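Content type mmCIF, C-alpha atoms, from the file target_29.cif:
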```cif
data_target
loop_
_atom_site.label_atom_id
_atom_site.label_comp_id
_atom_site.auth_asym_id
_atom_site.auth_seq_id
_atom_site.Cartn_x
_atom_site.Cartn_y
_atom_site.Cartn_z
CA MET A 85 33.95 -81.50 -117.96
CA THR A 86 35.56 -83.82 -120.51
CA ASP A 87 39.33 -84.13 -120.33
CA PRO A 88 40.60 -83.93 -123.94
CA SER A 89 43.71 -85.92 -123.05
CA PHE A 90 41.53 -89.06 -123.06
CA GLY A 91 39.87 -88.44 -126.43
CA VAL A 92 40.87 -89.07 -130.03
CA ASN A 93 43.16 -86.25 -131.15
CA ARG A 94 43.59 -86.75 -134.88
CA GLN A 95 46.04 -83.90 -135.20
CA GLY A 96 48.17 -85.21 -132.35
CA LEU A 97 48.11 -88.77 -133.65
CA ALA A 98 48.98 -87.57 -137.16
CA HIS A 99 51.91 -85.65 -135.68
CA ALA A 100 53.06 -88.82 -133.89
CA LEU A 101 52.93 -90.67 -137.22
CA ASP A 102 54.95 -87.91 -138.88
CA LEU A 103 57.59 -88.28 -136.18
CA LEU A 104 57.58 -92.05 -136.67
CA GLU A 105 58.28 -91.63 -140.39
CA LYS A 106 61.00 -89.02 -139.88
CA HIS A 107 64.52 -90.32 -140.36
CA GLU A 108 66.60 -87.43 -139.02
CA PHE A 109 66.06 -85.31 -135.95
CA SER A 110 67.79 -82.22 -134.68
CA GLN A 111 69.91 -82.62 -131.58
CA ALA A 112 67.93 -84.19 -128.77
CA SER A 113 67.07 -82.23 -125.65
CA ALA A 114 67.81 -83.75 -122.28
CA LEU A 115 64.96 -84.91 -120.12
CA PRO A 116 64.40 -82.79 -117.00
CA PRO A 117 66.07 -84.31 -113.94
CA HIS A 118 62.90 -84.01 -111.85
CA LEU A 119 59.18 -84.26 -112.47
CA ALA A 120 57.99 -80.75 -113.34
CA GLU A 121 55.13 -79.08 -111.52
CA ASN A 122 53.49 -78.21 -114.84
CA GLY A 123 53.55 -80.32 -117.97
CA ILE A 124 54.56 -79.11 -121.41
CA GLY A 125 51.59 -80.65 -123.25
CA GLU A 126 51.20 -83.77 -125.34
CA THR A 127 52.62 -82.47 -128.65
CA ALA A 128 55.64 -80.88 -127.01
CA ALA A 129 56.22 -84.08 -125.06
CA LEU A 130 56.29 -86.08 -128.29
CA ASP A 131 58.65 -83.58 -129.91
CA LEU A 132 61.02 -83.82 -126.96
CA LEU A 133 60.92 -87.61 -126.82
CA ALA A 134 61.09 -88.43 -130.55
CA PRO A 135 64.83 -87.77 -131.04
CA LEU A 136 65.60 -89.70 -127.85
CA VAL A 137 63.40 -92.65 -128.76
CA PHE A 138 64.19 -92.99 -132.46
CA ASP A 139 67.83 -91.94 -132.50
CA GLY A 140 68.49 -93.92 -129.34
CA ALA A 141 67.17 -97.22 -130.68
CA ALA A 142 68.60 -99.95 -132.87
CA ARG A 143 66.85 -99.89 -136.24
CA LEU A 144 65.82 -103.48 -136.79
CA ASP A 145 64.41 -102.80 -140.26
CA LEU A 146 67.51 -101.40 -141.95
CA PRO A 147 68.99 -103.34 -144.90
CA HIS A 148 72.01 -104.52 -142.88
CA ALA A 149 70.05 -105.33 -139.67
CA PHE A 150 71.12 -108.92 -139.14
CA ALA A 151 72.50 -109.01 -135.63
CA HIS A 152 69.89 -110.09 -133.13
CA MET A 153 66.82 -112.29 -132.58
CA ASP A 154 64.67 -109.15 -132.65
CA PRO A 155 62.76 -108.61 -135.90
CA PRO A 156 61.15 -105.58 -137.45
CA THR A 157 57.38 -105.54 -136.92
CA PRO A 158 54.63 -105.18 -139.55
CA TRP A 159 52.62 -101.99 -139.58
CA VAL A 160 49.37 -103.85 -138.96
CA SER A 161 50.74 -104.80 -135.54
CA TRP A 162 51.47 -101.13 -134.81
CA ALA A 163 47.85 -100.24 -135.54
CA ALA A 164 46.51 -103.05 -133.35
CA THR A 165 48.89 -102.06 -130.55
CA LEU A 166 47.53 -98.51 -130.76
CA TRP A 167 44.02 -99.89 -130.33
CA ASN A 168 45.20 -101.87 -127.31
CA ALA A 169 46.72 -98.77 -125.73
CA ARG A 170 43.44 -96.90 -126.29
CA LEU A 171 41.27 -99.60 -124.66
CA ASN A 172 43.68 -100.87 -121.98
CA GLN A 173 41.91 -104.23 -121.62
CA ASN A 174 42.72 -106.52 -118.69
CA LEU A 175 42.29 -110.20 -119.46
CA LEU A 176 42.15 -111.04 -115.76
CA HIS A 177 38.44 -110.17 -115.76
CA PRO A 178 36.10 -111.59 -118.45
CA ALA A 179 33.74 -108.64 -118.08
CA SER A 180 36.45 -106.09 -118.90
CA ALA A 181 37.93 -107.84 -121.93
CA PRO A 182 35.46 -110.26 -123.56
CA PHE A 183 36.89 -110.08 -127.07
CA ALA A 184 40.49 -109.79 -125.91
CA ARG A 185 40.14 -113.08 -124.02
CA ALA A 186 38.51 -114.69 -127.04
CA ALA A 187 41.28 -113.31 -129.26
CA GLU A 188 43.94 -115.01 -127.15
CA ARG A 189 42.06 -118.32 -127.24
CA GLN A 190 41.76 -117.98 -131.01
CA ALA A 191 45.45 -117.21 -131.54
CA VAL A 192 46.39 -120.22 -129.43
CA ALA A 193 43.87 -122.41 -131.30
CA TRP A 194 45.33 -121.35 -134.65
CA LEU A 195 48.96 -121.92 -133.66
CA ALA A 196 49.06 -124.80 -131.16
CA PRO A 197 48.16 -127.63 -133.59
CA ALA A 198 51.23 -126.90 -135.70
CA PHE A 199 53.30 -128.04 -132.71
CA GLY A 200 51.07 -131.02 -131.92
CA MET A 201 49.78 -129.15 -128.88
CA GLN A 202 46.20 -128.85 -127.64
CA GLY A 203 46.15 -125.36 -126.15
CA GLY A 204 47.89 -122.91 -123.85
CA HIS A 205 48.08 -119.19 -123.25
CA MET A 206 50.18 -116.09 -123.88
CA THR A 207 52.96 -114.67 -121.72
CA PRO A 208 55.17 -111.56 -122.05
CA GLY A 209 58.16 -113.60 -123.19
CA SER A 210 59.63 -117.09 -123.28
CA THR A 211 61.38 -116.59 -119.95
CA LEU A 212 57.89 -116.58 -118.41
CA ALA A 213 56.73 -119.29 -120.79
CA ASN A 214 59.58 -121.55 -119.68
CA LEU A 215 58.89 -120.81 -116.02
CA THR A 216 55.21 -121.63 -116.58
CA ALA A 217 56.06 -124.92 -118.29
CA LEU A 218 58.38 -126.06 -115.52
CA TRP A 219 55.83 -125.04 -112.89
CA ALA A 220 53.13 -127.08 -114.64
CA ALA A 221 55.55 -130.00 -115.03
CA ARG A 222 56.53 -129.95 -111.37
CA ASP A 223 52.99 -129.86 -110.04
CA ALA A 224 51.48 -132.24 -112.61
CA THR A 225 54.14 -134.95 -112.32
CA GLY A 226 55.85 -134.41 -108.97
CA ALA A 227 59.24 -134.24 -110.70
CA ARG A 228 61.84 -132.28 -108.77
CA ARG A 229 64.81 -132.20 -111.11
CA VAL A 230 65.38 -130.46 -114.42
CA ILE A 231 67.78 -131.77 -117.04
CA ALA A 232 68.92 -129.36 -119.74
CA SER A 233 71.84 -128.77 -122.06
CA GLU A 234 74.68 -126.52 -121.01
CA ALA A 235 73.64 -124.39 -124.00
CA ALA A 236 70.07 -123.93 -122.71
CA HIS A 237 68.77 -120.39 -122.24
CA LEU A 238 69.46 -118.71 -118.90
CA SER A 239 65.72 -118.72 -118.19
CA ILE A 240 65.93 -122.46 -117.48
CA PRO A 241 68.30 -122.19 -114.49
CA LYS A 242 66.30 -119.15 -113.39
CA ALA A 243 63.06 -121.12 -113.45
CA ALA A 244 64.63 -124.08 -111.66
CA LYS A 245 65.88 -121.79 -108.90
CA ILE A 246 62.52 -120.03 -108.50
CA LEU A 247 60.64 -123.35 -108.39
CA GLY A 248 63.07 -125.08 -106.01
CA LEU A 249 64.06 -127.67 -108.60
CA THR A 250 67.46 -129.30 -108.95
CA LEU A 251 69.15 -128.46 -112.25
CA GLU A 252 71.43 -130.98 -113.98
CA THR A 253 73.26 -129.84 -117.11
CA VAL A 254 74.22 -132.09 -119.99
CA PRO A 255 77.23 -131.28 -122.21
CA ALA A 256 76.63 -129.96 -125.71
CA ASP A 257 78.21 -131.55 -128.77
CA PRO A 258 80.59 -129.62 -131.06
CA VAL A 259 77.73 -127.82 -132.83
CA GLN A 260 75.97 -126.96 -129.54
CA ARG A 261 73.22 -129.59 -129.58
CA MET A 262 72.55 -131.54 -126.40
CA ASP A 263 74.78 -134.62 -126.36
CA ALA A 264 72.15 -137.32 -125.93
CA ALA A 265 74.78 -139.90 -125.05
CA LYS A 266 75.55 -137.92 -121.87
CA LEU A 267 71.98 -137.97 -120.53
CA PRO A 268 71.32 -139.74 -117.23
CA PRO A 269 70.01 -143.27 -117.84
CA ASN A 270 66.78 -142.76 -115.87
CA LEU A 271 64.56 -139.79 -116.75
CA SER A 272 61.33 -141.12 -115.27
CA ASP A 273 61.44 -138.63 -112.39
CA ALA A 274 62.80 -135.66 -114.37
CA ILE A 275 61.71 -132.70 -116.47
CA LEU A 276 63.73 -132.78 -119.68
CA VAL A 277 64.24 -129.41 -121.37
CA LEU A 278 65.22 -129.43 -125.04
CA THR A 279 66.08 -126.29 -126.98
CA ALA A 280 64.97 -125.61 -130.54
CA GLY A 281 67.28 -122.79 -131.54
CA THR A 282 69.96 -122.13 -128.94
CA THR A 283 70.70 -118.49 -128.29
CA SER A 284 74.33 -118.49 -129.38
CA ALA A 285 74.39 -120.99 -132.25
CA GLY A 286 70.75 -121.62 -133.17
CA ALA A 287 71.19 -125.37 -132.64
CA ILE A 288 68.28 -127.78 -132.22
CA ASP A 289 68.58 -130.43 -129.52
CA PRO A 290 67.60 -134.00 -130.55
CA LEU A 291 63.82 -133.77 -130.50
CA SER A 292 63.66 -137.55 -130.77
CA LEU A 293 64.20 -137.41 -126.99
CA CYS A 294 60.69 -136.03 -126.48
CA GLY A 295 58.67 -138.39 -124.29
CA ARG A 296 61.66 -139.99 -122.56
CA ALA A 297 61.12 -138.13 -119.27
CA ALA A 298 58.26 -137.55 -116.85
CA TRP A 299 57.71 -134.30 -118.76
CA THR A 300 59.47 -132.93 -121.82
CA HIS A 301 59.51 -129.21 -122.43
CA VAL A 302 60.84 -127.69 -125.66
CA ASP A 303 62.13 -124.14 -125.48
CA ALA A 304 61.38 -123.19 -129.08
CA ALA A 305 61.50 -119.46 -128.39
CA TRP A 306 63.57 -118.81 -131.50
CA ALA A 307 63.11 -121.66 -133.97
CA GLY A 308 59.56 -122.75 -133.17
CA PRO A 309 57.92 -120.87 -136.08
CA LEU A 310 59.84 -123.04 -138.54
CA VAL A 311 56.90 -125.45 -138.18
CA PHE A 312 54.93 -123.12 -140.46
CA SER A 313 57.49 -123.42 -143.28
CA ARG A 314 56.94 -126.23 -145.77
CA THR A 315 60.66 -126.06 -146.55
CA HIS A 316 62.06 -126.19 -143.02
CA ALA A 317 59.38 -127.70 -140.74
CA ALA A 318 61.08 -131.11 -140.80
CA ARG A 319 63.89 -129.66 -138.70
CA LEU A 320 61.47 -129.72 -135.76
CA ALA A 321 60.23 -133.27 -136.33
CA GLY A 322 59.42 -134.84 -132.97
CA ILE A 323 58.35 -131.62 -131.24
CA GLU A 324 54.76 -132.90 -131.32
CA HIS A 325 55.71 -135.50 -128.69
CA ALA A 326 56.69 -132.87 -126.12
CA ASP A 327 54.42 -132.04 -123.19
CA SER A 328 54.94 -128.29 -123.56
CA VAL A 329 56.45 -125.87 -126.07
CA ALA A 330 57.45 -122.22 -125.58
CA VAL A 331 57.55 -119.83 -128.54
CA SER A 332 58.47 -116.14 -128.62
CA ALA A 333 55.99 -114.36 -130.87
CA HIS A 334 58.25 -111.31 -130.72
CA LYS A 335 60.92 -113.24 -132.58
CA TRP A 336 59.94 -115.18 -135.73
CA LEU A 337 56.24 -114.31 -135.50
CA PHE A 338 57.34 -110.68 -135.96
CA GLN A 339 55.36 -109.24 -133.05
CA PRO A 340 56.04 -106.20 -130.86
CA LYS A 341 57.41 -107.02 -127.45
CA GLU A 342 56.20 -108.43 -125.10
CA SER A 343 54.55 -111.42 -126.78
CA ALA A 344 55.09 -115.16 -126.36
CA LEU A 345 53.13 -118.37 -126.05
CA ILE A 346 53.24 -121.49 -123.91
CA PHE A 347 51.55 -124.51 -125.47
CA PHE A 348 50.57 -127.77 -123.74
CA ARG A 349 49.82 -131.18 -125.22
CA ASP A 350 47.26 -131.75 -122.42
CA GLU A 351 45.94 -128.25 -121.79
CA LYS A 352 43.56 -129.18 -118.95
CA ARG A 353 46.18 -131.13 -117.03
CA ALA A 354 48.67 -128.29 -117.27
CA HIS A 355 46.25 -125.43 -116.61
CA ASP A 356 44.68 -127.24 -113.65
CA ALA A 357 48.15 -127.43 -112.10
CA ILE A 358 48.77 -123.68 -112.38
CA SER A 359 45.33 -122.14 -111.76
CA PHE A 360 44.23 -120.00 -108.85
CA GLY A 361 40.91 -118.42 -107.94
CA GLY A 362 39.80 -115.47 -105.85
CA ASN A 363 36.57 -113.98 -104.55
CA TYR A 364 36.80 -111.14 -107.06
CA LEU A 365 37.53 -113.36 -110.08
CA ALA A 366 34.79 -114.65 -112.36
CA ALA A 367 37.17 -117.16 -113.97
CA PRO A 368 40.28 -118.95 -112.71
CA ASN A 369 43.56 -117.09 -113.11
CA ILE A 370 45.88 -119.35 -115.08
CA GLY A 371 49.67 -119.09 -114.98
CA VAL A 372 52.13 -116.58 -113.61
CA LEU A 373 50.41 -113.36 -114.69
CA GLY A 374 47.59 -111.56 -112.96
CA SER A 375 46.68 -108.51 -115.00
CA HIS A 376 47.43 -109.23 -118.63
CA GLY A 377 47.07 -107.06 -121.74
CA ALA A 378 45.53 -107.89 -125.12
CA VAL A 379 48.78 -108.87 -126.85
CA ALA A 380 46.96 -111.47 -128.94
CA ILE A 381 45.24 -108.77 -130.99
CA PRO A 382 48.37 -107.58 -132.88
CA LEU A 383 49.26 -111.26 -133.38
CA LEU A 384 45.78 -112.01 -134.74
CA ALA A 385 46.00 -108.98 -137.04
CA THR A 386 49.32 -110.21 -138.43
CA LEU A 387 48.11 -113.78 -138.90
CA LEU A 388 44.92 -112.60 -140.58
CA ALA A 389 46.88 -110.28 -142.87
CA TRP A 390 49.54 -112.81 -143.87
CA GLY A 391 48.07 -116.28 -143.36
CA ARG A 392 50.34 -119.28 -142.90
CA GLU A 393 51.84 -118.87 -146.36
CA GLY A 394 52.72 -115.22 -145.75
CA LEU A 395 54.34 -116.02 -142.43
CA ALA A 396 56.25 -118.94 -143.90
CA ALA A 397 57.46 -116.86 -146.86
CA ARG A 398 59.05 -114.31 -144.53
CA ILE A 399 60.69 -116.99 -142.39
CA ASP A 400 61.97 -118.71 -145.53
CA ARG A 401 63.49 -115.43 -146.75
CA CYS A 402 65.35 -115.14 -143.46
CA MET A 403 66.61 -118.70 -143.67
CA ASP A 404 67.75 -118.15 -147.26
CA ALA A 405 69.63 -115.00 -146.25
CA ALA A 406 71.47 -116.90 -143.52
CA ASP A 407 72.44 -119.66 -145.93
CA LYS A 408 73.75 -117.12 -148.44
CA LEU A 409 75.85 -115.35 -145.81
CA ALA A 410 77.26 -118.62 -144.50
CA GLY A 411 78.02 -119.74 -148.05
CA ALA A 412 79.87 -116.53 -148.88
CA LEU A 413 81.91 -116.73 -145.69
CA SER A 414 82.74 -120.42 -146.18
CA ALA A 415 84.09 -119.63 -149.64
CA ASP A 416 86.41 -116.93 -148.26
CA PRO A 417 89.55 -118.37 -146.59
CA ARG A 418 89.85 -115.27 -144.43
CA TRP A 419 86.78 -116.37 -142.47
CA GLN A 420 85.88 -119.38 -140.37
CA VAL A 421 82.22 -120.49 -140.06
CA PHE A 422 81.21 -122.34 -136.89
CA ALA A 423 78.71 -124.65 -138.62
CA ALA A 424 76.09 -124.57 -141.35
CA PRO A 425 73.22 -122.47 -139.97
CA GLU A 426 70.42 -124.72 -138.75
CA THR A 427 67.92 -122.04 -137.77
CA GLY A 428 69.16 -118.85 -139.41
CA VAL A 429 71.96 -118.12 -136.92
CA VAL A 430 75.38 -117.64 -138.53
CA LEU A 431 78.48 -117.81 -136.33
CA PHE A 432 81.74 -116.73 -137.92
CA ARG A 433 85.09 -115.20 -137.08
CA PRO A 434 88.27 -114.11 -138.85
CA ALA A 435 90.73 -116.89 -139.51
CA ASN A 436 93.37 -114.68 -137.85
CA GLY A 437 91.28 -114.65 -134.64
CA ASP A 438 90.81 -110.87 -134.51
CA CYS A 439 87.10 -110.87 -133.69
CA ASP A 440 87.25 -107.54 -131.87
CA GLY A 441 88.87 -105.76 -134.81
CA ALA A 442 86.47 -107.23 -137.35
CA PHE A 443 83.47 -106.43 -135.15
CA ALA A 444 84.58 -102.80 -134.85
CA ARG A 445 84.71 -102.50 -138.66
CA LEU A 446 81.23 -103.93 -139.24
CA PRO A 447 78.20 -101.60 -139.54
CA ASP A 448 76.09 -101.30 -136.40
CA GLY A 449 73.36 -103.93 -136.33
CA LEU A 450 75.05 -106.44 -138.62
CA ALA A 451 76.52 -108.71 -135.96
CA SER A 452 76.86 -109.23 -132.25
CA THR A 453 79.44 -111.26 -130.35
CA THR A 454 79.03 -114.45 -128.36
CA ARG A 455 81.25 -116.99 -126.66
CA ILE A 456 81.23 -120.74 -127.18
CA GLY A 457 83.51 -122.27 -124.59
CA THR A 458 86.61 -120.08 -124.57
CA GLU A 459 86.19 -118.80 -128.13
CA THR A 460 84.61 -115.54 -129.27
CA TRP A 461 82.47 -115.60 -132.40
CA LEU A 462 80.62 -113.02 -134.44
CA ARG A 463 76.91 -113.80 -134.63
CA SER A 464 74.41 -112.72 -137.27
CA VAL A 465 70.79 -113.74 -136.85
CA ALA A 466 68.33 -113.81 -139.75
CA ALA A 467 65.37 -112.04 -138.17
CA ASN A 468 64.87 -109.33 -140.81
CA PRO A 469 63.01 -110.51 -143.95
CA ASN A 470 64.06 -107.31 -145.75
CA VAL A 471 67.78 -107.68 -145.13
CA ASP A 472 69.97 -106.84 -148.13
CA ILE A 473 72.19 -109.89 -148.07
CA ALA A 474 74.44 -108.56 -150.83
CA ALA A 475 75.14 -105.44 -148.76
CA VAL A 476 75.72 -107.58 -145.65
CA THR A 477 78.11 -109.87 -147.47
CA ASP A 478 79.99 -106.90 -148.94
CA ALA A 479 80.32 -105.26 -145.52
CA VAL A 480 81.63 -108.48 -143.98
CA ARG A 481 84.23 -108.89 -146.72
CA LYS A 482 85.46 -105.33 -146.10
CA ALA A 483 85.82 -105.95 -142.35
CA ILE A 484 89.13 -107.77 -142.86
#
```
Go ahead and express the file in the form of structure tokens.
Amino acid sequence: MTDPSFGVNRQGLAHALDLLEKHEFSQASALPPHLAENGIGETAALDLLAPLVFDGAARLDLPHAFAHMDPPTPWVSWAATLWNARLNQNLLHPASAPFARAAERQAVAWLAPAFGMQGGHMTPGSTLANLTALWAARDATGARRVIASEAAHLSIPKAAKILGLTLETVPADPVQRMDAAKLPPNLSDAILVLTAGTTSAGAIDPLSLCGRAAWTHVDAAWAGPLVFSRTHAARLAGIEHADSVAVSAHKWLFQPKESALIFFRDEKRAHDAISFGGNYLAAPNIGVLGSHGAVAIPLLATLLAWGREGLAARIDRCMDAADKLAGALSADPRWQVFAAPETGVVLFRPANGDCDGAFARLPDGLASTTRIGTETWLRSVAANPNVDIAAVTDAVRKAI
């Protein structure tokens, strides 16, 4: 007997697409508190879940969506993700995922040279990419201390703790870049972590420091894809001298979560340091993950569809939107701008200091809040290429 739940149901999939396109749902039903003895069927399950899923999510593609480092995703990546769900490939075993493994190698081969890197692999996010980089650095160099800015992402202290490494923090300058003058004089026994696009302010640490330590890792989770822009790539000059670079594909490569990359300048040296084998494995298992899905396929689909120019055009639109918002705010004496946006992150606050009041009057999804030192700032991040910057600017002006 063939179980129809595992076959292609065109009517069911078409219904799912109809629900995806729907903008308004009737009042959502609550999920049952316990697993039922008998299911309600696939179509009924989708009908029950759709209002909860779509009405209970932030819409990252709306014209005023400008708040977070989470972009809308292109439809070609939805289609490729559907294929992945259908096939459920596991890259741990070459026999079960021959093309999926090749697809990941190809995506890395296409992207790594832009950073001056030789190779690498994919991870579910840059938290894992940063952990992987520090693991490779520790075992390849013997370094036992990590030096990072106080503005570094929380994944850096996490990774240091997991790996048993000593973490030393360096003060940030007034615009949140690492203060190079405060670095320890001797870095020959250290792993230096530089950030390209800090979470709060989008600042880029001095990449001229690459190569000064036993190993230099650049956490370019946010700003890394600027290397593909002819207009803005120079902001990452020096990144090619790092030993490793982390990039979140589910940020400025516009991929569905969970998708990131860790690149290495010397791929063999790094991968040899973090590889394990097993009697049941036909190829070494590299990195933190065991079982690993085919997340490179949506990324390949997007890169094939857009090319470098298409990717760069969308990033450039985001950067332009951030500059326009910062310019409008700087021209309005009722607002204070933290600094000119370096990587599409705009920090601003009312001159009267009432961040909470202004935030409450802004449309949902236009801004978030963050703290720099003791000060609260509003934060808008240019991750949506379709943002209506005129509508955003108008909404901000009305918030005071």
query = Leaving out stretch 444-448 of chain A and any residue of its chain fewer than 5 positions from it, which residues lie within 10 Å of it when counting all atoms listed in the file, given as a list of chain:residue names?
reply =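 Answer for this query is A:Ala142, A:Arg143, A:His148, A:Ala149, A:Phe150, A:Ala151, A:Cys439, A:Val476, A:Ala479, A:Val480, A:Arg481, A:Lys482, A:Ala483, A:Ile484.
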8 Å contact set for A:Lys341, all atoms listed in the file, chain neighbours under 4 positions out, as a PyMOL selection string = chain A and resi 208-209+334
Go ahead and dump the residues you just picked, C-alpha atoms, as a PDB file, in the frame of the given file.
```pdb
ATOM      1  CA  PRO A 208      55.170-111.560-122.050  1.00  0.00           C
ATOM      2  CA  GLY A 209      58.160-113.600-123.190  1.00  0.00           C
ATOM      3  CA  HIS A 334      58.250-111.310-130.720  1.00  0.00           C
TER       4      HIS A 334
END
```
Neighbours of A:Asp327 within 6 Å (all atoms listed in the file; same-chain residues fewer than 5 positions away dropped), as an mmCIF file with C-alpha atoms, in the frame of the given file?
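Ended up saving to selection01.cif:
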```cif
data_model
loop_
_atom_site.group_PDB
_atom_site.id
_atom_site.type_symbol
_atom_site.label_atom_id
_atom_site.label_comp_id
_atom_site.auth_asym_id
_atom_site.auth_seq_id
_atom_site.Cartn_x
_atom_site.Cartn_y
_atom_site.Cartn_z
ATOM 1 C CA TRP A 299 57.710 -134.300 -118.760
ATOM 2 C CA THR A 300 59.470 -132.930 -121.820
ATOM 3 C CA HIS A 301 59.510 -129.210 -122.430
ATOM 4 C CA PHE A 348 50.570 -127.770 -123.740
ATOM 5 C CA ARG A 349 49.820 -131.180 -125.220
#
```
request  = For A:Leu97, please output as a PyMOL selection string all residues within 12 Å (counting all atoms listed in the file; exclusion window: fewer than 5 positions along the same chain).
outcome  = chain A and resi 89+91-92+102-104+126-127+130+163+166+170
task = Could you tell me which residues the PyMOL selection byres ((chain A and resi 155) around 9) returns for this structure, as a ChimeraX atom specification?
result = /A:144-145,149-150,152-154,156-157,334-340,466-469
Write out the residues from the selection above, keeping C-alpha atoms, as a PDB file, keeping the file's coordinate frame.
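Dumped everything to part_17.pdb:
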```pdb
ATOM      1  CA  LEU A 144      65.820-103.480-136.790  1.00  0.00           C
ATOM      2  CA  ASP A 145      64.410-102.800-140.260  1.00  0.00           C
ATOM      3  CA  ALA A 149      70.050-105.330-139.670  1.00  0.00           C
ATOM      4  CA  PHE A 150      71.120-108.920-139.140  1.00  0.00           C
ATOM      5  CA  HIS A 152      69.890-110.090-133.130  1.00  0.00           C
ATOM      6  CA  MET A 153      66.820-112.290-132.580  1.00  0.00           C
ATOM      7  CA  ASP A 154      64.670-109.150-132.650  1.00  0.00           C
ATOM      8  CA  PRO A 156      61.150-105.580-137.450  1.00  0.00           C
ATOM      9  CA  THR A 157      57.380-105.540-136.920  1.00  0.00           C
ATOM     10  CA  HIS A 334      58.250-111.310-130.720  1.00  0.00           C
ATOM     11  CA  LYS A 335      60.920-113.240-132.580  1.00  0.00           C
ATOM     12  CA  TRP A 336      59.940-115.180-135.730  1.00  0.00           C
ATOM     13  CA  LEU A 337      56.240-114.310-135.500  1.00  0.00           C
ATOM     14  CA  PHE A 338      57.340-110.680-135.960  1.00  0.00           C
ATOM     15  CA  GLN A 339      55.360-109.240-133.050  1.00  0.00           C
ATOM     16  CA  PRO A 340      56.040-106.200-130.860  1.00  0.00           C
ATOM     17  CA  ALA A 466      68.330-113.810-139.750  1.00  0.00           C
ATOM     18  CA  ALA A 467      65.370-112.040-138.170  1.00  0.00           C
ATOM     19  CA  ASN A 468      64.870-109.330-140.810  1.00  0.00           C
ATOM     20  CA  PRO A 469      63.010-110.510-143.950  1.00  0.00           C
TER      21      PRO A 469
END
```
key: Separation of atom CA of A:Phe347 from atom CA of A:Ala227 in Å   = 19.3 Å
Point-to-point distance in Å for atom CA of A:Leu271 and atom CA of A:Val259 =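 We find that atom CA of A:Val259 and atom CA of A:Leu271 lie 24.0 Å from each other.
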inquiry  = Report as a list in words all protein, DNA and RNA residues lying within 12 Å of A:Phe138, evaluated on all atoms listed in the file, omitting residues in the same chain fewer than 2 positions from it.
reply    =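 So the residues in contact are Ala100, Leu103, Leu104, Glu105, Lys106, His107, Glu108, Phe109, Ser110, Gln111, Ala112, Leu130, Asp131, Leu132, Leu133, Ala134, Pro135, Leu136, Gly140, Ala141, Ala142, Arg143 and Leu144 of chain A.
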message = As a check of understanding, name the residues that the PyMOL selection byres ((chain A and resi 461) around 10) selects in the supplied structure, as a ChimeraX atom specification.
response = /A:284-285,420-422,430-434,437-440,443,451-456,458-460,462-464
note = Between A:Asp407, A:Leu249, A:Ala236, A:Ala265, smallest distance to A:Ala305 by all atoms listed in the file belongs to A:Ala236
Completion step: stretch 299-310 of chain A with N, CA and C atoms as a tab-separated table (two decimals), in the coordinates of the input:
```
chain	number	residue	atom	x	y	z
A	299	TRP	N	58.28	-135.43	-118.00
A	299	TRP	CA	57.71	-134.30	-118.76
A	299	TRP	C	58.82	-133.78	-119.66
A	300	THR	N	58.51	-133.53	-120.91
A	300	THR	CA	59.47	-132.93	-121.82
A	300	THR	C	58.97	-131.55	-122.23
A	301	HIS	N	59.82	-130.57	-122.00
A	301	HIS	CA	59.51	-129.21	-122.43
A	301	HIS	C	60.49	-128.80	-123.52
A	302	VAL	N	59.98	-128.20	-124.59
A	302	VAL	CA	60.84	-127.69	-125.66
A	302	VAL	C	60.81	-126.18	-125.63
A	303	ASP	N	61.97	-125.60	-125.39
A	303	ASP	CA	62.13	-124.14	-125.48
A	303	ASP	C	62.39	-123.82	-126.94
A	304	ALA	N	61.30	-123.51	-127.66
A	304	ALA	CA	61.38	-123.19	-129.08
A	304	ALA	C	61.17	-121.70	-129.28
A	305	ALA	N	61.69	-120.91	-128.33
A	305	ALA	CA	61.50	-119.46	-128.39
A	305	ALA	C	61.92	-118.90	-129.74
A	306	TRP	N	63.06	-119.34	-130.24
A	306	TRP	CA	63.57	-118.81	-131.50
A	306	TRP	C	63.05	-119.61	-132.70
A	307	ALA	N	63.32	-120.90	-132.74
A	307	ALA	CA	63.11	-121.66	-133.97
A	307	ALA	C	61.72	-122.25	-134.12
A	308	GLY	N	60.88	-122.14	-133.11
A	308	GLY	CA	59.56	-122.75	-133.17
A	308	GLY	C	58.76	-122.44	-134.43
A	309	PRO	N	58.72	-121.18	-134.89
A	309	PRO	CA	57.92	-120.87	-136.08
A	309	PRO	C	58.36	-121.56	-137.36
A	310	LEU	N	59.49	-122.25	-137.36
A	310	LEU	CA	59.84	-123.04	-138.54
A	310	LEU	C	58.78	-124.09	-138.86
```
